[in-house]
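J.: The following block contains the structure, expressed as C-alpha cells.
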Amino acid sequence: MSMTQSRIYLASQSPRRRELLKQIGINFELLLLRSDTQRNVDVDETPRPDEPAIAYVQRLCQEKAQAGFESLVMRRLPALPVLAADTIVTLDGNILGKPCNAEQAAVMLRTLSGREHQVMTAVAMAMKEHMEVRLSVSTVRFTTLDEERIRHYLQSGEYSDKAGSYGIQGLAGAFIEQLSGSYSGVMGLPLFETTELLRHFDIPAP
C-alpha cells in the first residue's frame with residue numbers, strides 16, 4: 001500500500017484525539033476547520049429542536065467530516081479520508097455542553113455528583129461521496145462530590161473546553177466510581193469503532 005493511502009486527515013483540535021490516534025500507530029495530518037479563511041466550511045453545533053442526543057452527536061460528526069473533505073477540495077490538498085469525532089455528555093436525556101465559566105462547570109459537577117450519566121462519542125470518516133459513522137455509548141458513575149472537592153477541581157481550570165466539565169484522563173478521573181463502556185470513547189475517540197472505520201477505508205490499523 002502506498003504512503004498516500006495510509007494517511008488520513010484528522011478534523012479535530014483535540015490533543016486527546018491526536019494522542020489516541022498515535023497510540024494505535026495511525027499516520028495523520030491535522031485539518032483545522034476553524035482556521036480556514038473559507039468560513040462556510042465551519043459547522044453549526046446548535047442542536048435542532050427536539051433532536052435526540054444520539055441523533056445530534058452522529059449528525060454533528062458527519063457534518064464535520066463532510067466539511068473537512070470539502071475543505072480539502074477547496075484548498076486543492078491531496079484527497080485522503082477525513083476523520084472527525086464529536087463527544088457529548090448526557091444526563092436524563094439532556095446534553096451537558098462545554099461550560100462557559102467556573103460557575104457553569106460547578107453546576108454541572110453538582111448535577112453529575114453521585115449519579116450515572118452517558119458519554120456518547122460518534123466517529124465519522126468521509127472520502128469523496130463515501131461516508132461512514134460509528135457510535136460509542138458509555139455509562140459513567142460519579143462519586144458524590146462535596147463542595148470542597150468541586151472547588152479544588154475548578155481551581156485547576158481543567159473543566160475548560162470539556163463536555164460535561166470534565167475529562168476522564170485528568171484530575172476528574174478520580175471522581176469516576178464506575179465505567180461501563182469505552183475508556184477511549186469517554187476520552188473522545190473510541191479506538192475500537194475508529195479502527196473499524198479505518199479498516200473499512202483500507203487504512204492499515206491494528
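Labels for the C-alpha cells follow display order: chains A, B, ..., residues from 1 in each chain, ligands from 1.
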With a distance cut-off of 12 Å and only C-alpha atoms, select the neighbouring residues of stretch 44-50 of chain A, excluding the residue or stretch itself and same-chain residues fewer than 3 positions from it, and output the selection as a PyMOL selection string.
T.: chain A and resi 33-34+39-41+53-64+67+86-88+93-98
J.: Need to verify the contact set: stretch 181-193 of chain A, 7 Å, only C-alpha atoms, exclusion of same-chain residues closer than 6 positions in sequence. Can you return it as a list in words?
T.: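 Skipping anything fewer than 6 positions along the chain leaves Arg16, Arg17, Leu20, Ala85, Thr87, Val119, Thr121, Arg134, Ser136, Val137, Ser138, Thr139, Gly167, Ile168 and Gln169 of chain A.
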J.: Please write the residues from the selection above to a file, keeping N, CA and C atoms, as a PDB file, in the first residue's frame.
T.:
ATOM      1  N   ARG A  16      -6.322  15.143  22.803  1.00  0.00           N
ATOM      2  CA  ARG A  16      -6.608  13.769  23.238  1.00  0.00           C
ATOM      3  C   ARG A  16      -6.846  12.860  22.032  1.00  0.00           C
ATOM      4  N   ARG A  17      -7.537  13.375  21.022  1.00  0.00           N
ATOM      5  CA  ARG A  17      -7.757  12.545  19.821  1.00  0.00           C
ATOM      6  C   ARG A  17      -6.448  12.302  19.081  1.00  0.00           C
ATOM      7  N   LEU A  20      -4.652   9.533  20.946  1.00  0.00           N
ATOM      8  CA  LEU A  20      -5.253   8.214  20.760  1.00  0.00           C
ATOM      9  C   LEU A  20      -4.941   7.648  19.373  1.00  0.00           C
ATOM     10  N   ALA A  85     -14.758  13.485  14.885  1.00  0.00           N
ATOM     11  CA  ALA A  85     -15.435  12.877  16.036  1.00  0.00           C
ATOM     12  C   ALA A  85     -16.113  13.963  16.844  1.00  0.00           C
ATOM     13  N   THR A  87     -18.024  14.380  20.872  1.00  0.00           N
ATOM     14  CA  THR A  87     -18.356  13.751  22.148  1.00  0.00           C
ATOM     15  C   THR A  87     -19.339  14.620  22.909  1.00  0.00           C
ATOM     16  N   VAL A 119     -21.905   9.046  28.147  1.00  0.00           N
ATOM     17  CA  VAL A 119     -20.981   9.758  27.275  1.00  0.00           C
ATOM     18  C   VAL A 119     -21.079   9.111  25.898  1.00  0.00           C
ATOM     19  N   THR A 121     -19.768   9.213  21.985  1.00  0.00           N
ATOM     20  CA  THR A 121     -18.816   9.720  21.005  1.00  0.00           C
ATOM     21  C   THR A 121     -19.122   9.080  19.660  1.00  0.00           C
ATOM     22  N   ARG A 134     -19.709   5.640  13.141  1.00  0.00           N
ATOM     23  CA  ARG A 134     -19.826   4.659  14.220  1.00  0.00           C
ATOM     24  C   ARG A 134     -20.112   5.415  15.520  1.00  0.00           C
ATOM     25  N   SER A 136     -20.124   5.179  19.903  1.00  0.00           N
ATOM     26  CA  SER A 136     -19.765   4.535  21.167  1.00  0.00           C
ATOM     27  C   SER A 136     -20.558   5.209  22.281  1.00  0.00           C
ATOM     28  N   VAL A 137     -21.248   4.407  23.096  1.00  0.00           N
ATOM     29  CA  VAL A 137     -22.012   4.942  24.228  1.00  0.00           C
ATOM     30  C   VAL A 137     -21.507   4.283  25.508  1.00  0.00           C
ATOM     31  N   SER A 138     -21.070   5.092  26.457  1.00  0.00           N
ATOM     32  CA  SER A 138     -20.573   4.583  27.728  1.00  0.00           C
ATOM     33  C   SER A 138     -21.387   5.160  28.877  1.00  0.00           C
ATOM     34  N   THR A 139     -21.479   4.393  29.949  1.00  0.00           N
ATOM     35  CA  THR A 139     -22.165   4.865  31.154  1.00  0.00           C
ATOM     36  C   THR A 139     -21.125   5.095  32.244  1.00  0.00           C
ATOM     37  N   GLY A 167     -12.713  15.738  31.970  1.00  0.00           N
ATOM     38  CA  GLY A 167     -12.065  14.779  31.089  1.00  0.00           C
ATOM     39  C   GLY A 167     -11.627  13.587  31.922  1.00  0.00           C
ATOM     40  N   ILE A 168     -11.868  12.398  31.426  1.00  0.00           N
ATOM     41  CA  ILE A 168     -11.562  11.185  32.195  1.00  0.00           C
ATOM     42  C   ILE A 168     -10.060  11.019  32.399  1.00  0.00           C
ATOM     43  N   GLN A 169      -9.255  11.593  31.493  1.00  0.00           N
ATOM     44  CA  GLN A 169      -7.805  11.395  31.548  1.00  0.00           C
ATOM     45  C   GLN A 169      -7.118  12.365  32.501  1.00  0.00           C
TER      46      GLN A 169
END
J.: Taking the backbone alone, and naming residues the way the document does, which bits of stretch 60-155 of chain A are strand (DSSP E) by DSSP, as a VMD selection string?
T.: chain A and resid 82 to 91 94 to 96 116 to 127 130 to 142
J.: Write the selection just made, keeping C-alpha atoms, as a PDB file, in the first residue's frame?
T.:
ATOM      1  CA  VAL A  82     -11.106  12.739   6.728  1.00  0.00           C
ATOM      2  CA  LEU A  83     -11.809  11.535  10.269  1.00  0.00           C
ATOM      3  CA  ALA A  84     -13.993  13.593  12.604  1.00  0.00           C
ATOM      4  CA  ALA A  85     -15.435  12.877  16.036  1.00  0.00           C
ATOM      5  CA  ASP A  86     -17.787  14.505  18.477  1.00  0.00           C
ATOM      6  CA  THR A  87     -18.356  13.751  22.148  1.00  0.00           C
ATOM      7  CA  ILE A  88     -21.332  14.722  24.290  1.00  0.00           C
ATOM      8  CA  VAL A  89     -22.285  14.097  27.903  1.00  0.00           C
ATOM      9  CA  THR A  90     -25.967  13.439  28.612  1.00  0.00           C
ATOM     10  CA  LEU A  91     -27.905  13.197  31.851  1.00  0.00           C
ATOM     11  CA  ASN A  94     -30.271  16.391  28.388  1.00  0.00           C
ATOM     12  CA  ILE A  95     -26.975  17.372  26.760  1.00  0.00           C
ATOM     13  CA  LEU A  96     -24.376  18.900  29.066  1.00  0.00           C
ATOM     14  CA  GLU A 116     -24.812   7.860  36.346  1.00  0.00           C
ATOM     15  CA  HIS A 117     -24.583   9.690  33.033  1.00  0.00           C
ATOM     16  CA  GLN A 118     -23.911   8.729  29.428  1.00  0.00           C
ATOM     17  CA  VAL A 119     -20.981   9.758  27.275  1.00  0.00           C
ATOM     18  CA  MET A 120     -21.599   9.413  23.537  1.00  0.00           C
ATOM     19  CA  THR A 121     -18.816   9.720  21.005  1.00  0.00           C
ATOM     20  CA  ALA A 122     -19.605   9.466  17.316  1.00  0.00           C
ATOM     21  CA  VAL A 123     -16.822   8.975  14.772  1.00  0.00           C
ATOM     22  CA  ALA A 124     -17.237   9.620  11.060  1.00  0.00           C
ATOM     23  CA  MET A 125     -14.989   9.219   8.058  1.00  0.00           C
ATOM     24  CA  ALA A 126     -15.556  10.887   4.684  1.00  0.00           C
ATOM     25  CA  MET A 127     -13.848  10.260   1.366  1.00  0.00           C
ATOM     26  CA  HIS A 130     -18.431   7.876   0.819  1.00  0.00           C
ATOM     27  CA  MET A 131     -19.368   8.498   4.470  1.00  0.00           C
ATOM     28  CA  GLU A 132     -19.371   6.047   7.372  1.00  0.00           C
ATOM     29  CA  VAL A 133     -20.222   6.680  11.023  1.00  0.00           C
ATOM     30  CA  ARG A 134     -19.826   4.659  14.220  1.00  0.00           C
ATOM     31  CA  LEU A 135     -21.121   5.365  17.719  1.00  0.00           C
ATOM     32  CA  SER A 136     -19.765   4.535  21.167  1.00  0.00           C
ATOM     33  CA  VAL A 137     -22.012   4.942  24.228  1.00  0.00           C
ATOM     34  CA  SER A 138     -20.573   4.583  27.728  1.00  0.00           C
ATOM     35  CA  THR A 139     -22.165   4.865  31.154  1.00  0.00           C
ATOM     36  CA  VAL A 140     -20.172   6.680  33.825  1.00  0.00           C
ATOM     37  CA  ARG A 141     -20.976   6.912  37.534  1.00  0.00           C
ATOM     38  CA  PHE A 142     -19.531   9.783  39.550  1.00  0.00           C
TER      39      PHE A 142
END
J.: Which is closest to A:Cys100 among A:Glu70, A:Asp161, A:Glu19, A:Glu29, if we use only C-alpha atoms?
T.: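 Closest residue, counting only C-alpha atoms: A:Asp161.
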J.: In Å, rounded to a single decimal, give me how far atom CA of A:Ile8 is from atom CA of A:Gly170.
T.: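 Between atom CA of A:Gly170 and atom CA of A:Ile8 the gap works out to 27.5 Å.
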